[in-house]
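Q: One structure, pasted below without further comment.
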Amino acid sequence: MKKLNRMESALFWEERNMWYSDIWDDLKGTKQTIDEKELKRRSAAYPFLLPYRLINMYSVFGDTILDPFLGTGTTAFAAMACGRNSIGYEQDPAFAQSIRNKAGEDILSLSNNSVQRINKHLFYINNFKKGITSFNYINDYFGFPVMTRQETKMKLKFIESVRKIDYHLFRTDYLDDQDVLNMGLGKQFIDNIS
Ligand SMILES: C[S@@+](CC[C@H](N)C(=O)[O-])C[C@H]1O[C@@H](n2cnc3c(N)ncnc32)[C@H](O)[C@@H]1O
């Protein structure tokens with residue numbers, strides 16, 4: 001079971017090559033989105049993709065991520081997008097409202113990261129194997145080609161809803177496997193090669 005979860009939490013081969021490298025030169029800084037001037041000055045939020053990648057690299061689905069300096073909650077939102085639990089500590093209560101606002105706003109758009117990863121992967125495969133119509137490894141779950149056996153059981157998470165359970169407590173639910181399949185991600189690509 002543990003081994004399966006590890007496989008399901010895998011990265012695409014080309015992501016591994018890029019993410020486990022010394023330099024991430026594709027990450028841009030992030031806008032400090034808080035309205036209040038003083039809070040904005042103190043927040044020092046970092047780009048979402050920073051914790052998003054690290055969480056994907058060093059944990060598996062269902063793990064719990066701890067951020068002792070929560071600020072605007074970037075790490076907690078990244079954990080949500082990655083299908084991980086999270087706990088955050090923040091000494092300044094002024095940040096709480098900003099986090100609650102974010103959790104109530106466009107939280108479902110966090111799943112765009114999964115869609116984008118799939119699109120990038122298909123683009124990569126398309127370029128890598130131009131003209132090739134059969135592939136050694138197919139992902140069991142999405143049905144599209146992958147580069148290595150490690151990726152054949154890989155899944156990605158799509159948020160279905162985020163509910164506020166208590167003042168500082170949120171519950172994230174994810175689409176089940178069938179709902180994800182119904183989204184037809186990569187279907188066009190699969191149709192083209194079959
Ligand atoms: C650089 S910010 C974190 C930014 C955050 N990662 C983000 O993306 O918004 C550091 C935060 O840690 C908080 N902080 C500093 N010392 C703390 C402590 N001892 N316990 C809890 N929070 C603390 C600060 O109030 C500040 O909001």
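Starting from 1 in every chain, residues are counted up; chains themselves are A, B, ... following the order of the structure tokens, and ligands are numbered from 1 as listed.
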Just want the residues within 7 Å of ligand 1, written as a PyMOL selection string, counting only C-alpha atoms and all ligand atoms.
A: chain A and resi 42-46+68-75+89-92
Q: Can you spit out the residues from that selection as a tab-separated table (two decimals), in the first residue's frame, using N, CA and C atoms?
A:
```
chain	number	residue	atom	x	y	z
A	42	ARG	N	5.15	42.98	5.45
A	42	ARG	CA	5.66	41.91	6.32
A	42	ARG	C	5.46	40.51	5.72
A	43	SER	N	4.59	40.38	4.72
A	43	SER	CA	4.20	39.03	4.31
A	43	SER	C	5.34	38.29	3.60
A	44	ALA	N	6.08	38.97	2.72
A	44	ALA	CA	7.19	38.33	1.99
A	44	ALA	C	6.79	36.99	1.40
A	45	ALA	N	5.63	36.97	0.76
A	45	ALA	CA	5.16	35.71	0.17
A	45	ALA	C	6.11	35.27	-0.94
A	46	TYR	N	6.33	33.96	-1.05
A	46	TYR	CA	7.18	33.46	-2.13
A	46	TYR	C	6.31	32.83	-3.20
A	68	PRO	N	5.86	26.53	9.92
A	68	PRO	CA	5.85	27.26	11.20
A	68	PRO	C	5.74	28.77	11.01
A	69	PHE	N	5.84	29.26	9.78
A	69	PHE	CA	5.75	30.71	9.51
A	69	PHE	C	4.77	30.93	8.37
A	70	LEU	N	3.51	30.75	8.67
A	70	LEU	CA	2.47	30.60	7.65
A	70	LEU	C	2.26	31.83	6.77
A	71	GLY	N	2.33	33.02	7.33
A	71	GLY	CA	2.11	34.25	6.55
A	71	GLY	C	0.80	34.20	5.80
A	72	THR	N	0.87	34.37	4.47
A	72	THR	CA	-0.35	34.38	3.65
A	72	THR	C	-0.82	32.97	3.29
A	73	GLY	N	-0.10	31.95	3.75
A	73	GLY	CA	-0.58	30.57	3.58
A	73	GLY	C	-0.15	29.90	2.28
A	74	THR	N	0.87	30.45	1.62
A	74	THR	CA	1.28	29.87	0.33
A	74	THR	C	1.56	28.37	0.44
A	75	THR	N	2.27	27.97	1.50
A	75	THR	CA	2.61	26.55	1.66
A	75	THR	C	1.37	25.69	1.87
A	89	TYR	N	1.52	27.61	11.51
A	89	TYR	CA	1.54	28.51	12.68
A	89	TYR	C	1.81	29.92	12.21
A	90	GLU	N	1.09	30.87	12.77
A	90	GLU	CA	1.35	32.27	12.44
A	90	GLU	C	1.09	33.10	13.68
A	91	GLN	N	2.10	33.88	14.06
A	91	GLN	CA	1.96	34.66	15.30
A	91	GLN	C	1.10	35.90	15.12
A	92	ASP	N	0.97	36.35	13.87
A	92	ASP	CA	0.25	37.60	13.62
A	92	ASP	C	-1.17	37.28	13.13
```
Q: Set out as a Markdown table a contact list for range 113-133 of chain A and range 169-186 of chain A with a cut-off of 10 Å, giving each residue of range 113-133 of chain A that qualifies its closest atom pair and distance in Å to one decimal, counting only C-alpha atoms, ordered by chain and rising residue number.
A:
```
| residue | atom | partner | partner_atom | distance |
| --- | --- | --- | --- | --- |
| A:Val115 | CA | A:Leu185 | CA | 7.6 |
| A:Ile118 | CA | A:Gly186 | CA | 7.4 |
| A:Asn119 | CA | A:Gly186 | CA | 7.4 |
| A:His121 | CA | A:Gly186 | CA | 9.6 |
| A:Leu122 | CA | A:Gly186 | CA | 7.2 |
```
Q: Any idea what's packed within 8 Å of Pro47 in chain A, counting only C-alpha atoms, ignoring anything in its chain fewer than 3 positions away? Could you give it as a PyMOL selection string?
A: chain A and resi 27-30+50-51+74
Q: Output N, CA and C atoms for every residue in that selection, as a CSV table (one decimal), in the first residue's frame.
A:
```
chain,number,residue,atom,x,y,z
A,27,LEU,N,11.4,30.0,-12.3
A,27,LEU,CA,10.5,30.5,-11.3
A,27,LEU,C,10.5,32.0,-11.2
A,28,LYS,N,9.4,32.6,-11.3
A,28,LYS,CA,9.4,34.1,-11.2
A,28,LYS,C,9.0,34.5,-9.8
A,29,GLY,N,9.3,35.7,-9.4
A,29,GLY,CA,8.8,36.2,-8.1
A,29,GLY,C,7.3,36.3,-8.1
A,30,THR,N,6.7,36.7,-6.9
A,30,THR,CA,5.3,36.7,-6.8
A,30,THR,C,4.8,38.1,-6.3
A,50,LEU,N,7.2,27.3,-5.7
A,50,LEU,CA,8.4,26.9,-4.8
A,50,LEU,C,7.9,25.8,-3.8
A,51,PRO,N,7.0,26.1,-2.9
A,51,PRO,CA,6.5,25.0,-2.1
A,51,PRO,C,5.8,23.9,-2.9
A,74,THR,N,0.9,30.5,1.6
A,74,THR,CA,1.3,29.9,0.3
A,74,THR,C,1.6,28.4,0.4
```
Q: For range 11-20 of chain A, find every residue with an atom within 9 Å (counting only C-alpha atoms), except residues of its own chain fewer than 4 positions away, and show them as a list in words.
A: Met7, Trp24, Arg53, Leu54, Asn56, Met57, Arg117, Ile118, His121, Tyr124, Val146, Met147, Thr148, Gln150, Glu151, Met154 and Lys155 of chain A
Q: Would you output that residue set with C-alpha atoms, as a JSON list (two decimals), in the first residue's frame?
A:
```json
[["chain", "number", "residue", "atom", "x", "y", "z"],
["A", 7, "MET", "CA", 4.21, 5.33, -7.15],
["A", 24, "TRP", "CA", 15.31, 26.62, -11.07],
["A", 53, "ARG", "CA", 7.48, 21.56, -6.27],
["A", 54, "LEU", "CA", 9.23, 20.83, -2.98],
["A", 56, "ASN", "CA", 5.73, 17.03, -4.63],
["A", 57, "MET", "CA", 9.42, 16.10, -4.51],
["A", 117, "ARG", "CA", 1.51, 19.60, -15.72],
["A", 118, "ILE", "CA", -0.38, 17.14, -17.89],
["A", 121, "HIS", "CA", 3.95, 16.44, -20.25],
["A", 124, "TYR", "CA", 7.16, 16.98, -24.04],
["A", 146, "VAL", "CA", 5.08, 8.21, -20.02],
["A", 147, "MET", "CA", 8.85, 7.84, -20.17],
["A", 148, "THR", "CA", 9.46, 5.36, -17.34],
["A", 150, "GLN", "CA", 7.78, 4.64, -12.30],
["A", 151, "GLU", "CA", 5.20, 6.93, -13.90],
["A", 154, "MET", "CA", 1.19, 8.23, -11.25],
["A", 155, "LYS", "CA", -1.90, 10.28, -10.39]]
```
Q: Have a look at CA of Phe142 in chain A and CA of Leu49 in chain A and let me know their distance in Å, one decimal.
A: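 Separation between CA of Phe142 in chain A and CA of Leu49 in chain A: 23.5 Å.
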Q: At what distance in Å, to one decimal, does CA of Phe128 in chain A lie from CA of Pro145 in chain A?
A: 11.3 Å
Q: Contacts of Asn113 in chain A at 12 Å or less, counting only C-alpha atoms, minus same-chain residues fewer than 5 places along, as a list in words?
A: Phe48, Leu49, Tyr52, Arg53, Asn56, Phe77, Ala78, Met80, Ala81, Cys82, Ile107, Leu108, Ile118, Asn119, Lys120, Leu156, Lys157, Phe158 and Ile159 of chain A
Q: Quick one: write out the picked residues with C-alpha atoms as a short mmCIF file (atom, residue, chain, number, x, y, z; two decimals), in the first residue's frame?
A:
```cif
data_model
loop_
_atom_site.label_atom_id
_atom_site.label_comp_id
_atom_site.auth_asym_id
_atom_site.auth_seq_id
_atom_site.Cartn_x
_atom_site.Cartn_y
_atom_site.Cartn_z
CA PHE A 48 3.47 29.23 -5.18
CA LEU A 49 5.54 26.92 -7.38
CA TYR A 52 4.42 23.19 -4.72
CA ARG A 53 7.48 21.56 -6.27
CA ASN A 56 5.73 17.03 -4.63
CA PHE A 77 -2.40 26.17 -0.44
CA ALA A 78 0.38 24.34 -2.24
CA MET A 80 -3.87 21.39 -0.81
CA ALA A 81 -3.04 21.39 -4.51
CA CYS A 82 -0.69 18.43 -3.97
CA ILE A 107 -9.40 27.78 -4.58
CA LEU A 108 -10.50 25.36 -7.30
CA ILE A 118 -0.38 17.14 -17.89
CA ASN A 119 -0.41 19.53 -20.85
CA LYS A 120 3.32 20.16 -20.47
CA LEU A 156 -2.57 13.98 -9.98
CA LYS A 157 -5.01 15.63 -7.60
CA PHE A 158 -8.01 17.75 -8.58
CA ILE A 159 -9.83 19.64 -5.87
#
```
